[in-house]
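model-v2.txt (compact mmCIF, C-alpha atoms and all ligand atoms)
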# COMPACT_ATOMS: atom_id res chain seq x y z
CA MET A 490 -70.37 -17.91 76.46
CA ARG A 491 -68.16 -15.80 78.67
CA LYS A 492 -64.56 -16.90 78.70
CA GLU A 493 -63.01 -18.43 81.88
CA ILE A 494 -60.06 -16.35 82.96
CA VAL A 495 -57.66 -15.46 85.75
CA LEU A 496 -57.62 -11.73 86.54
CA ILE A 497 -54.34 -10.14 87.65
CA THR A 498 -54.32 -6.54 88.88
CA GLY A 499 -51.04 -4.64 89.27
CA ALA A 500 -49.86 -6.78 86.37
CA ASN A 501 -46.91 -4.59 85.47
CA GLY A 502 -45.54 -4.51 89.03
CA GLU A 503 -42.77 -6.71 90.42
CA MET A 504 -45.00 -9.55 91.46
CA GLY A 505 -47.15 -9.24 88.33
CA HIS A 506 -44.05 -9.84 86.20
CA GLY A 507 -43.17 -12.97 88.16
CA LEU A 508 -46.71 -14.33 88.22
CA ILE A 509 -47.56 -13.69 84.55
CA ALA A 510 -44.22 -15.10 83.38
CA HIS A 511 -44.93 -18.25 85.38
CA LEU A 512 -48.66 -18.72 84.70
CA GLY A 513 -48.26 -17.71 81.06
CA ALA A 514 -45.54 -20.30 80.49
CA THR A 515 -47.80 -23.12 81.72
CA LYS A 516 -50.34 -22.20 79.00
CA LYS A 517 -53.06 -23.55 81.31
CA TYR A 518 -54.76 -20.23 82.00
CA SER A 519 -56.22 -17.37 80.06
CA ILE A 520 -54.90 -14.29 81.77
CA VAL A 521 -56.58 -10.91 81.80
CA ALA A 522 -54.08 -8.39 83.13
CA MET A 523 -54.78 -4.88 84.44
CA ASP A 524 -52.49 -2.04 85.39
CA VAL A 525 -52.41 1.75 85.38
CA GLN A 526 -49.05 1.50 83.57
CA PRO A 527 -48.64 -0.07 80.12
CA LEU A 528 -47.67 -3.73 80.26
CA ASP A 529 -44.09 -4.70 79.39
CA ASP A 530 -43.90 -6.01 75.84
CA PHE A 531 -42.55 -9.41 76.81
CA LEU A 532 -45.58 -10.08 79.06
CA LYS A 533 -48.19 -9.16 76.44
CA PRO A 534 -48.08 -12.43 74.44
CA LEU A 535 -48.67 -14.34 77.69
CA CYS A 536 -51.99 -12.56 78.31
CA GLU A 537 -55.37 -13.04 76.67
CA ARG A 538 -56.03 -9.34 77.19
CA PHE A 539 -54.33 -6.35 78.80
CA ILE A 540 -56.51 -3.59 80.20
CA LEU A 541 -54.86 -0.24 80.83
CA GLY A 542 -56.93 1.11 83.68
CA ASP A 543 -57.50 1.87 87.32
CA ILE A 544 -59.00 -0.47 89.93
CA LEU A 545 -60.94 2.59 91.16
CA ASP A 546 -62.79 2.75 87.82
CA LEU A 547 -66.08 0.97 88.55
CA MET A 548 -67.29 1.21 84.95
CA LEU A 549 -64.21 -0.63 83.80
CA LEU A 550 -64.62 -3.38 86.41
CA GLY A 551 -68.33 -3.63 85.54
CA ARG A 552 -67.47 -4.31 81.92
CA LEU A 553 -65.27 -7.23 82.97
CA VAL A 554 -68.32 -8.96 84.43
CA SER A 555 -70.15 -8.98 81.15
CA GLU A 556 -67.23 -10.32 79.19
CA PHE A 557 -65.40 -12.80 81.40
CA GLU A 558 -66.01 -15.59 83.86
CA ILE A 559 -63.35 -14.87 86.44
CA ARG A 560 -62.27 -17.99 88.34
CA THR A 561 -59.39 -16.50 90.33
CA ILE A 562 -58.40 -12.94 91.12
CA TYR A 563 -54.78 -12.17 92.00
CA HIS A 564 -55.15 -8.67 93.38
CA LEU A 565 -51.57 -7.43 93.31
CA ALA A 566 -52.09 -3.69 92.72
CA SER A 567 -51.10 -1.47 95.61
CA ILE A 568 -49.08 1.57 96.66
CA LEU A 569 -46.12 0.38 98.75
CA SER A 570 -45.03 1.58 102.16
CA THR A 571 -42.63 4.44 101.39
CA LYS A 572 -44.68 5.90 98.54
CA ALA A 573 -47.85 5.66 100.62
CA GLU A 574 -46.37 7.95 103.29
CA TYR A 575 -46.08 10.79 100.74
CA ASN A 576 -49.82 10.77 100.16
CA PRO A 577 -51.52 8.54 102.72
CA GLU A 578 -55.06 9.38 101.66
CA THR A 579 -54.40 8.51 98.02
CA ALA A 580 -52.73 5.29 99.16
CA HIS A 581 -55.79 4.48 101.23
CA ARG A 582 -58.04 4.99 98.24
CA VAL A 583 -55.98 2.73 96.00
CA ASN A 584 -55.17 0.10 98.61
CA VAL A 585 -58.50 -0.10 100.45
CA GLU A 586 -61.18 1.21 98.08
CA GLY A 587 -59.47 -0.65 95.24
CA MET A 588 -59.61 -3.82 97.31
CA LEU A 589 -63.28 -3.26 98.05
CA ASN A 590 -64.01 -2.86 94.33
CA LEU A 591 -62.27 -6.14 93.53
CA LEU A 592 -64.05 -7.96 96.37
CA ARG A 593 -67.34 -6.64 95.03
CA LEU A 594 -66.41 -7.93 91.60
CA ALA A 595 -65.62 -11.34 93.12
CA VAL A 596 -69.01 -11.45 94.85
CA GLU A 597 -70.81 -10.57 91.64
CA GLN A 598 -68.85 -13.17 89.70
CA SER A 599 -69.50 -15.89 92.25
CA SER A 600 -73.22 -15.19 92.27
CA TRP A 601 -73.31 -15.61 88.46
CA GLN A 602 -71.24 -18.77 88.67
CA GLY A 603 -72.90 -20.28 91.76
CA ARG A 604 -69.50 -21.11 93.22
CA PRO A 605 -66.90 -19.15 95.17
CA VAL A 606 -64.32 -17.12 93.27
CA LYS A 607 -60.78 -17.47 94.59
CA PHE A 608 -59.26 -14.20 95.74
CA ILE A 609 -55.50 -14.37 96.25
CA TYR A 610 -54.03 -11.41 98.06
CA PRO A 611 -50.41 -10.51 98.78
CA SER A 612 -50.37 -8.95 102.22
CA SER A 613 -47.15 -7.88 103.84
CA ILE A 614 -44.74 -7.94 106.72
CA ALA A 615 -45.81 -4.28 107.02
CA ALA A 616 -49.00 -5.53 108.71
CA TYR A 617 -46.82 -5.90 111.80
CA GLY A 618 -45.71 -3.00 113.97
CA MET A 619 -43.27 -3.24 116.84
CA PRO A 620 -42.95 -0.27 119.17
CA ASN A 621 -39.13 -0.19 119.20
CA LEU A 622 -35.94 -1.91 118.15
CA GLU A 623 -35.45 -3.61 121.49
CA THR A 624 -38.84 -5.32 121.12
CA LYS A 625 -37.93 -6.40 117.59
CA GLN A 626 -34.65 -7.89 118.79
CA LYS A 627 -36.34 -9.83 121.58
CA ALA A 628 -39.47 -10.92 119.70
CA GLY A 629 -38.11 -14.05 117.97
CA LYS A 630 -40.31 -15.64 115.29
CA VAL A 631 -43.49 -13.60 115.01
CA LYS A 632 -46.81 -15.39 114.42
CA GLU A 633 -49.62 -13.98 112.27
CA SER A 634 -51.69 -12.94 115.29
CA GLU A 635 -48.90 -11.04 117.08
CA TRP A 636 -47.82 -7.39 116.89
CA ASN A 637 -50.66 -6.34 114.59
CA MET A 638 -50.09 -2.62 115.22
CA PRO A 639 -48.69 -1.29 111.91
CA ILE A 640 -47.13 2.18 111.88
CA THR A 641 -47.47 2.87 108.13
CA MET A 642 -50.52 3.68 106.03
CA TYR A 643 -49.60 0.76 103.77
CA GLY A 644 -49.38 -1.61 106.75
CA CYS A 645 -52.74 -0.40 108.12
CA ASN A 646 -54.25 -0.88 104.65
CA LYS A 647 -52.87 -4.41 104.31
CA LEU A 648 -54.08 -5.47 107.75
CA TYR A 649 -57.53 -4.03 107.16
CA CYS A 650 -57.76 -5.60 103.69
CA GLU A 651 -57.03 -8.98 105.30
CA HIS A 652 -60.03 -8.34 107.56
CA LEU A 653 -62.14 -7.39 104.56
CA GLY A 654 -61.17 -10.63 102.84
CA ARG A 655 -62.17 -12.60 105.92
CA TYR A 656 -65.45 -10.70 106.18
CA TYR A 657 -66.35 -11.29 102.51
CA THR A 658 -65.49 -14.97 102.88
CA ASN A 659 -67.32 -15.70 106.14
CA ASN A 660 -69.86 -13.01 106.96
CA TYR A 661 -70.75 -10.96 103.89
CA ARG A 662 -74.33 -9.61 104.18
CA GLN A 663 -74.88 -12.01 107.06
CA LEU A 664 -78.32 -10.54 107.86
CA ALA A 665 -79.72 -10.70 104.33
CA ALA A 666 -82.59 -13.11 103.69
CA ASP A 667 -80.81 -14.37 100.58
CA HIS A 668 -77.51 -14.68 102.42
CA THR A 669 -75.42 -17.39 100.85
CA LYS A 670 -72.14 -18.92 101.85
CA THR A 671 -70.81 -19.14 98.31
CA THR A 672 -69.16 -15.81 97.83
CA VAL A 673 -65.45 -15.29 97.97
CA ASP A 674 -62.68 -17.73 98.78
CA PHE A 675 -60.08 -15.30 100.14
CA ARG A 676 -56.51 -16.39 100.86
CA ALA A 677 -53.62 -14.12 101.77
CA ILE A 678 -49.88 -14.33 102.26
CA ARG A 679 -47.88 -11.87 104.33
CA PHE A 680 -44.78 -11.49 102.22
CA PRO A 681 -41.39 -10.42 103.51
CA GLY A 682 -39.19 -8.12 101.40
CA LEU A 683 -39.02 -9.54 97.87
CA VAL A 684 -35.99 -9.65 95.60
CA SER A 685 -36.08 -10.36 91.89
CA SER A 686 -33.27 -10.40 89.35
CA VAL A 687 -35.62 -9.13 86.65
CA THR A 688 -37.36 -6.16 88.24
CA VAL A 689 -36.88 -3.64 91.05
CA PRO A 690 -39.72 -2.66 93.38
CA THR A 691 -41.07 0.88 93.37
CA GLY A 692 -41.83 2.79 96.52
CA GLY A 693 -41.25 0.13 99.19
CA THR A 694 -39.15 0.32 102.34
CA SER A 695 -37.49 -3.07 101.97
CA ASP A 696 -36.15 -1.76 98.64
CA TYR A 697 -32.61 -1.27 100.00
CA GLY A 698 -31.88 -4.98 99.39
CA PRO A 699 -32.92 -5.20 95.74
CA GLU A 700 -31.65 -1.66 95.03
CA MET A 701 -28.17 -2.48 96.38
CA LEU A 702 -27.98 -5.54 94.14
CA HIS A 703 -29.33 -3.94 90.98
CA HIS A 704 -27.14 -0.83 91.38
CA ALA A 705 -24.01 -2.93 91.87
CA ALA A 706 -24.84 -5.08 88.85
CA GLN A 707 -25.11 -1.91 86.73
CA ASN A 708 -21.92 -0.37 88.10
CA LEU A 709 -23.89 2.40 89.83
CA PRO A 710 -23.02 3.70 93.31
CA TYR A 711 -25.59 3.04 96.03
CA ALA A 712 -26.25 4.65 99.41
CA CYS A 713 -28.14 2.16 101.58
CA PHE A 714 -30.82 3.94 103.63
CA VAL A 715 -30.68 1.61 106.67
CA ARG A 716 -27.95 0.68 109.18
CA PRO A 717 -25.78 -2.39 108.43
CA ASP A 718 -27.22 -4.30 111.42
CA THR A 719 -30.83 -3.98 110.15
CA ALA A 720 -32.40 -7.43 109.85
CA LEU A 721 -35.49 -8.24 107.83
CA PRO A 722 -36.93 -11.40 106.26
CA PHE A 723 -36.45 -11.55 102.49
CA MET A 724 -37.54 -13.97 99.81
CA VAL A 725 -36.61 -14.35 96.16
CA MET A 726 -39.35 -13.94 93.57
CA PRO A 727 -39.46 -17.59 92.40
CA ASP A 728 -40.24 -18.69 95.97
CA ALA A 729 -42.82 -15.91 96.36
CA ILE A 730 -44.66 -16.94 93.19
CA ARG A 731 -44.48 -20.60 94.20
CA SER A 732 -46.05 -19.79 97.57
CA LEU A 733 -48.92 -17.87 95.96
CA LEU A 734 -49.66 -20.78 93.62
CA MET A 735 -49.40 -23.34 96.42
CA LEU A 736 -51.87 -21.41 98.54
CA GLU A 737 -54.21 -21.01 95.56
CA ALA A 738 -54.12 -24.77 94.93
CA ALA A 739 -54.57 -25.85 98.55
CA PRO A 740 -57.87 -27.58 99.38
CA ARG A 741 -60.04 -25.18 101.38
CA GLU A 742 -60.57 -27.71 104.16
CA ASN A 743 -56.82 -27.79 104.84
CA LEU A 744 -56.69 -24.08 105.60
CA SER A 745 -56.95 -23.35 109.31
CA GLN A 746 -56.58 -19.61 108.68
CA LEU A 747 -56.96 -17.16 105.82
CA VAL A 748 -53.71 -15.25 106.25
CA TYR A 749 -50.30 -16.91 106.29
CA ASN A 750 -46.70 -15.84 106.88
CA VAL A 751 -44.09 -17.20 104.53
CA THR A 752 -40.37 -16.66 104.85
CA SER A 753 -37.04 -18.02 103.71
CA PHE A 754 -34.04 -16.12 105.13
CA SER A 755 -33.46 -13.04 107.30
CA PRO A 756 -30.31 -11.21 106.21
CA THR A 757 -28.98 -8.02 107.74
CA ALA A 758 -28.18 -5.15 105.37
CA GLN A 759 -24.52 -6.06 106.04
CA ASP A 760 -25.22 -9.63 104.81
CA PHE A 761 -26.70 -8.14 101.65
CA TYR A 762 -23.62 -5.95 101.27
CA ASP A 763 -21.26 -8.93 101.73
CA GLN A 764 -23.08 -11.03 99.12
CA VAL A 765 -23.24 -8.16 96.64
CA LYS A 766 -19.58 -7.13 97.19
CA GLY A 767 -18.55 -10.77 96.80
CA ALA A 768 -20.15 -10.86 93.35
CA PHE A 769 -19.32 -7.30 92.30
CA PRO A 770 -16.06 -6.37 94.07
CA LYS A 771 -15.94 -2.92 92.45
CA ALA A 772 -19.40 -1.96 93.75
CA GLU A 773 -19.52 1.41 95.54
CA ILE A 774 -21.94 0.91 98.44
CA THR A 775 -22.19 3.21 101.44
CA PHE A 776 -24.53 3.20 104.44
CA GLU A 777 -26.41 6.48 104.89
CA PRO A 778 -29.38 5.68 107.14
CA ASP A 779 -32.53 7.70 106.63
CA LEU A 780 -33.99 7.87 110.13
CA ALA A 781 -37.61 7.87 109.06
CA ARG A 782 -37.34 4.90 106.71
CA GLN A 783 -35.11 3.15 109.24
CA GLY A 784 -37.91 3.59 111.79
CA ILE A 785 -40.33 1.79 109.49
CA VAL A 786 -37.99 -1.17 108.96
CA ASP A 787 -37.27 -1.30 112.70
CA SER A 788 -41.01 -1.73 113.33
CA TRP A 789 -41.12 -4.89 111.13
CA PRO A 790 -40.11 -8.25 112.58
CA ALA A 791 -36.65 -9.68 111.90
CA VAL A 792 -38.03 -13.21 111.67
CA VAL A 793 -41.54 -14.53 111.08
CA ASP A 794 -43.05 -17.89 111.95
CA ASP A 795 -44.32 -19.67 108.85
CA SER A 796 -45.20 -22.97 110.53
CA ALA A 797 -48.94 -22.57 109.79
CA ALA A 798 -48.19 -22.41 106.03
CA ALA A 799 -45.87 -25.41 106.38
CA ASN A 800 -48.50 -27.43 108.27
CA ASP A 801 -51.58 -26.46 106.26
CA TRP A 802 -50.30 -26.45 102.68
CA GLY A 803 -46.78 -27.83 102.79
CA TRP A 804 -44.94 -24.54 102.36
CA GLN A 805 -41.15 -24.72 102.33
CA PRO A 806 -38.83 -22.27 100.61
CA GLU A 807 -36.50 -23.61 97.95
CA TYR A 808 -33.95 -20.83 98.37
CA ASN A 809 -32.00 -20.19 101.57
CA GLN A 810 -29.68 -17.18 101.62
CA GLN A 811 -26.75 -18.98 99.99
CA ARG A 812 -28.81 -20.50 97.17
CA ALA A 813 -30.79 -17.29 96.67
CA PHE A 814 -27.66 -15.29 95.90
CA GLN A 815 -25.41 -17.92 94.35
CA GLU A 816 -27.89 -19.86 92.23
CA TYR A 817 -30.55 -17.29 91.39
CA LEU A 818 -29.82 -13.60 92.00
CA ILE A 819 -26.15 -13.24 91.08
CA PRO A 820 -26.02 -15.40 87.93
CA THR A 821 -29.27 -14.08 86.46
CA ILE A 822 -28.52 -10.46 87.27
CA LYS A 823 -25.02 -10.75 85.78
CA ALA A 824 -26.54 -12.09 82.58
CA ARG A 825 -29.20 -9.39 82.59
CA TYR A 826 -26.76 -6.46 82.87
CA ALA A 827 -23.92 -8.21 81.02
CA ASN A 828 -22.92 -5.16 79.00
CA CYS A 829 -22.61 -2.94 82.14
CA ASN A 830 -19.73 -5.06 83.45
CA ASP A 831 -17.49 -5.20 80.38
N1 LIG B 901 -41.89 -4.59 100.31
C1 LIG B 901 -42.94 -3.86 100.92
C2 LIG B 901 -42.55 -2.47 101.19
O1 LIG B 901 -41.38 -2.27 101.42
C3 LIG B 901 -43.34 -4.48 102.20
O2 LIG B 901 -44.30 -5.43 101.91
O3 LIG B 901 -43.37 -1.62 101.22
Can you turn what I pasted into C-alpha cells?
Ligand code: SER
Amino acid sequence: MRKEIVLITGANGEMGHGLIAHLGATKKYSIVAMDVQPLDDFLKPLCERFILGDILDLMLLGRLVSEFEIRTIYHLASILSTKAEYNPETAHRVNVEGMLNLLRLAVEQSSWQGRPVKFIYPSSIAAYGMPNLETKQKAGKVKESEWNMPITMYGCNKLYCEHLGRYYTNNYRQLAADHTKTTVDFRAIRFPGLVSSVTVPTGGTSDYGPEMLHHAAQNLPYACFVRPDTALPFMVMPDAIRSLLMLEAAPRENLSQLVYNVTSFSPTAQDFYDQVKGAFPKAEITFEPDLARQGIVDSWPAVVDDSAAANDWGWQPEYNQQRAFQEYLIPTIKARYANCND
C-alpha cells in the first residue's frame, strides 16, 4: 500500500517553515518535503521524508508516484521577484516548468486515486501591474480581476501559473475521448508581502519590511531600498499559513473562483520604520531608494480587496498592524535574537 501524504515543495523557504511547523505540530498529516536546499534540522522530525532535489527533475517526481499517495500538494517552490530579474529565463523554468511538472504529477496521482488531488498554490501581489504611481494611489482596493499586467518575470509567471491551475482543473485534455473531470482541485491565494519573526525571505522585492525588522533586532544597520511613503499590503506568517489551510479546507462548492486575494494591513515603509524604531530605539535605519526595485513596488497595489475570500471561505486576518508588531513580531523576534541586544 502506498502511504497517504501531503507533498510540500520549497519546504525550506519562508512559507515552508511556517507550514511544516504548523502541519507537523498537528500530527494529522504525513509530510513529504522537497527542496533544493537541505531542510533545517528543526523541521526534519516533523516530516515523514525529506527529499533533496529539484522540481525540474522528472525522474525524481516520477519516483514519488510509485511510493506515495499524494492527497494535497502545497507547491511553494519559486524564485521571487528580485532574484528572478537577474536571470529571467531560469526563473521561468523554475516557476513555470516546475509548476507544470507538479500539475502533471497531480493529474497522474488523481487518475490512480480516482479522485481530485488538491493543489494549493501561493500566488502573489506581483501578479498585478500598475502603469505608474499615480494609478496606484488612485486605484483603491484592487480586485483579483483588475490590473493583471505584471511588470516582473515573477509576476508574469505567477499569473500564468494561476491560469495553468484553472486549465488543469476545468479543461485539461478537454478533447480526449477519455476526458474526465476528476483531475486537479487547484486553489490559489495572492499573498501580499509576508513577514515572519523566524525567517527572512530571499530574493523578493517586499523584503525591505522583514529585512528592516530582522536587521534592527540583530543590531545591524539597514538601508531601506524604497521611499518612506511606499505603501504595500503585508501579512504576518501565522495569518498567511492560516489562510492557506482555510482555503484548503473549504468545500469546493463554496468557491466562486480559484484565485483569491488575502490581506491584513497596508503599512508604508515609514510605518515599518516607526514600529521597528519604537521597539529597537538604537536601530540604524536609513532610506536609500533603489529606483529599479522601487519601480517594481510602485507597480503593486497599495491595498487589495479580499472580500471574495471573506465571503466564500470566511477569511479574516487575526493580526492588524498593531497586533502584528506588538503581539507577534516584536516579542518573538526579541526572544529569537536575545543575545544580540545585551
Ligand atoms: N514577496 C514577493 C516578492 O517580493 C511578492 O510576492 O517577490
Given all atoms listed in the file as the counted atoms, nearest of A:Glu574, A:Asp801, A:Glu537, A:Glu558 to ligand LIG 901 (chain B)
A:Glu574
Specify the axis-aligned box that encloses all atoms of ligand LIG 901 (chain B) listed in the file after padding of 4 Å on each side, stating its centre and edge lengths in Å to one decimal as JSON.
{"center_x": -42.8, "center_y": -3.5, "center_z": 101.3, "size_x": 10.9, "size_y": 11.8, "size_z": 9.9}
List all protein, DNA and RNA residues that have an atom no more than 9 Å from any atom of ligand LIG 901 (chain B), counting only C-alpha atoms and all ligand atoms, and report them as a compact mmCIF listing (two decimals) with C-alpha atoms, in the frame of the given file.
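To be explicit, this is the file written out as part_12.txt:
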# COMPACT_ATOMS: atom_id res chain seq x y z
CA ILE A 568 -49.08 1.57 96.66
CA LEU A 569 -46.12 0.38 98.75
CA SER A 570 -45.03 1.58 102.16
CA THR A 571 -42.63 4.44 101.39
CA LYS A 572 -44.68 5.90 98.54
CA ALA A 573 -47.85 5.66 100.62
CA PRO A 611 -50.41 -10.51 98.78
CA SER A 612 -50.37 -8.95 102.22
CA SER A 613 -47.15 -7.88 103.84
CA ILE A 614 -44.74 -7.94 106.72
CA ALA A 615 -45.81 -4.28 107.02
CA ALA A 616 -49.00 -5.53 108.71
CA TYR A 643 -49.60 0.76 103.77
CA GLY A 644 -49.38 -1.61 106.75
CA LYS A 647 -52.87 -4.41 104.31
CA ARG A 679 -47.88 -11.87 104.33
CA PHE A 680 -44.78 -11.49 102.22
CA PRO A 681 -41.39 -10.42 103.51
CA GLY A 682 -39.19 -8.12 101.40
CA LEU A 683 -39.02 -9.54 97.87
CA PRO A 690 -39.72 -2.66 93.38
CA THR A 691 -41.07 0.88 93.37
CA GLY A 692 -41.83 2.79 96.52
CA GLY A 693 -41.25 0.13 99.19
CA THR A 694 -39.15 0.32 102.34
CA SER A 695 -37.49 -3.07 101.97
CA ASP A 696 -36.15 -1.76 98.64
CA TYR A 697 -32.61 -1.27 100.00
CA VAL A 786 -37.99 -1.17 108.96
Every residue with an atom at most 8 Å from (-32.3, -5.2, 109.4) (file coordinates; all atoms listed in the file) is what I'm after, so could you write them as JSON, numbers by chain?
{"A": [715, 716, 717, 718, 719, 720, 721, 756, 757, 758, 786, 787, 791]}
Long-range neighbours of Ala824 in chain A as an NGL selection string, 12 Å cut-off, only C-alpha atoms, 4 positions minimum in chain:
:A and (686-687 or 706-707 or 817-820 or 828-831)
Within 9 Å of Tyr808 in chain A using all atoms listed in the file, minus same-chain residues under 5 positions, as a PyMOL selection string
chain A and resi 724-725+727-728+753-754+813-814+816-817
How would the residues just chosen look if you wrote them out with C-alpha atoms as a PDB file, in the coordinates of the input?
ATOM      1  CA  MET A 724     -37.540 -13.970  99.810  1.00  0.00           C
ATOM      2  CA  VAL A 725     -36.610 -14.350  96.160  1.00  0.00           C
ATOM      3  CA  PRO A 727     -39.460 -17.590  92.400  1.00  0.00           C
ATOM      4  CA  ASP A 728     -40.240 -18.690  95.970  1.00  0.00           C
ATOM      5  CA  SER A 753     -37.040 -18.020 103.710  1.00  0.00           C
ATOM      6  CA  PHE A 754     -34.040 -16.120 105.130  1.00  0.00           C
ATOM      7  CA  ALA A 813     -30.790 -17.290  96.670  1.00  0.00           C
ATOM      8  CA  PHE A 814     -27.660 -15.290  95.900  1.00  0.00           C
ATOM      9  CA  GLU A 816     -27.890 -19.860  92.230  1.00  0.00           C
ATOM     10  CA  TYR A 817     -30.550 -17.290  91.390  1.00  0.00           C
TER      11      TYR A 817
END
What's the separation between CA of Trp789 in chain A and CA of Ser685 in chain A, in Å to one decimal place?
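Distance between the two atoms: 20.6 Å.
Considering only C-alpha atoms, the residue among A:Thr641, A:Thr579, A:Thr561, A:Ser555 positioned nearest to Trp601 in chain A is A:Ser555.
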CA of Val583 in chain A and CA of Leu545 in chain A, how far apart in Å?
6.9 Å
Contacts of Trp636 in chain A at 12 Å (only C-alpha atoms; same-chain gap of 3+ positions) as a VMD selection string
chain A and resid 614 to 621 624 to 625 628 to 633 639 to 640 644 648 788 to 790 793
One residue among A:Met735, A:Val525, A:Leu747, A:Ala595 is nearest to Ala799 in chain A when using only C-alpha atoms, and that residue is A:Met735
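Counting from CA of Arg593 in chain A, the distance to CA of Tyr575 in chain A is 28.1 Å.
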Using only C-alpha atoms, find the one residue out of A:Arg662, A:Arg582, A:His506, A:Lys771 that sits nearest to Met523 in chain A.
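Residue with the minimum atom-to-atom distance to Met523 in chain A: A:His506.
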Do you know which residues are at most 7 Å from Tyr610 in chain A counting all atoms listed in the file, after dropping those on the same chain fewer than 3 positions away, and could you put them as a list in words?
Tyr563, His564, Leu565, Arg676, Ala677 and Ile678 of chain A
Quick one: residues within 7 Å of Gln526 in chain A, all atoms listed in the file, excluding same-chain residues fewer than 2 positions away - as a ChimeraX atom specification?
/A:501,524,528,541
Between A:Ser567, A:Ser732, A:Gln602, A:Asn590, which is the closest to Leu508 in chain A once you count all atoms listed in the file?
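For Leu508 in chain A, the nearest of the given residues is A:Ser732.
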Calculated over all atoms listed in the file, which of the candidates A:Glu597, A:Glu737, A:Glu635, A:Asp529 has the smallest distance to Val673 in chain A?
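That would be A:Glu597, the residue with the smallest distance to Val673 in chain A.
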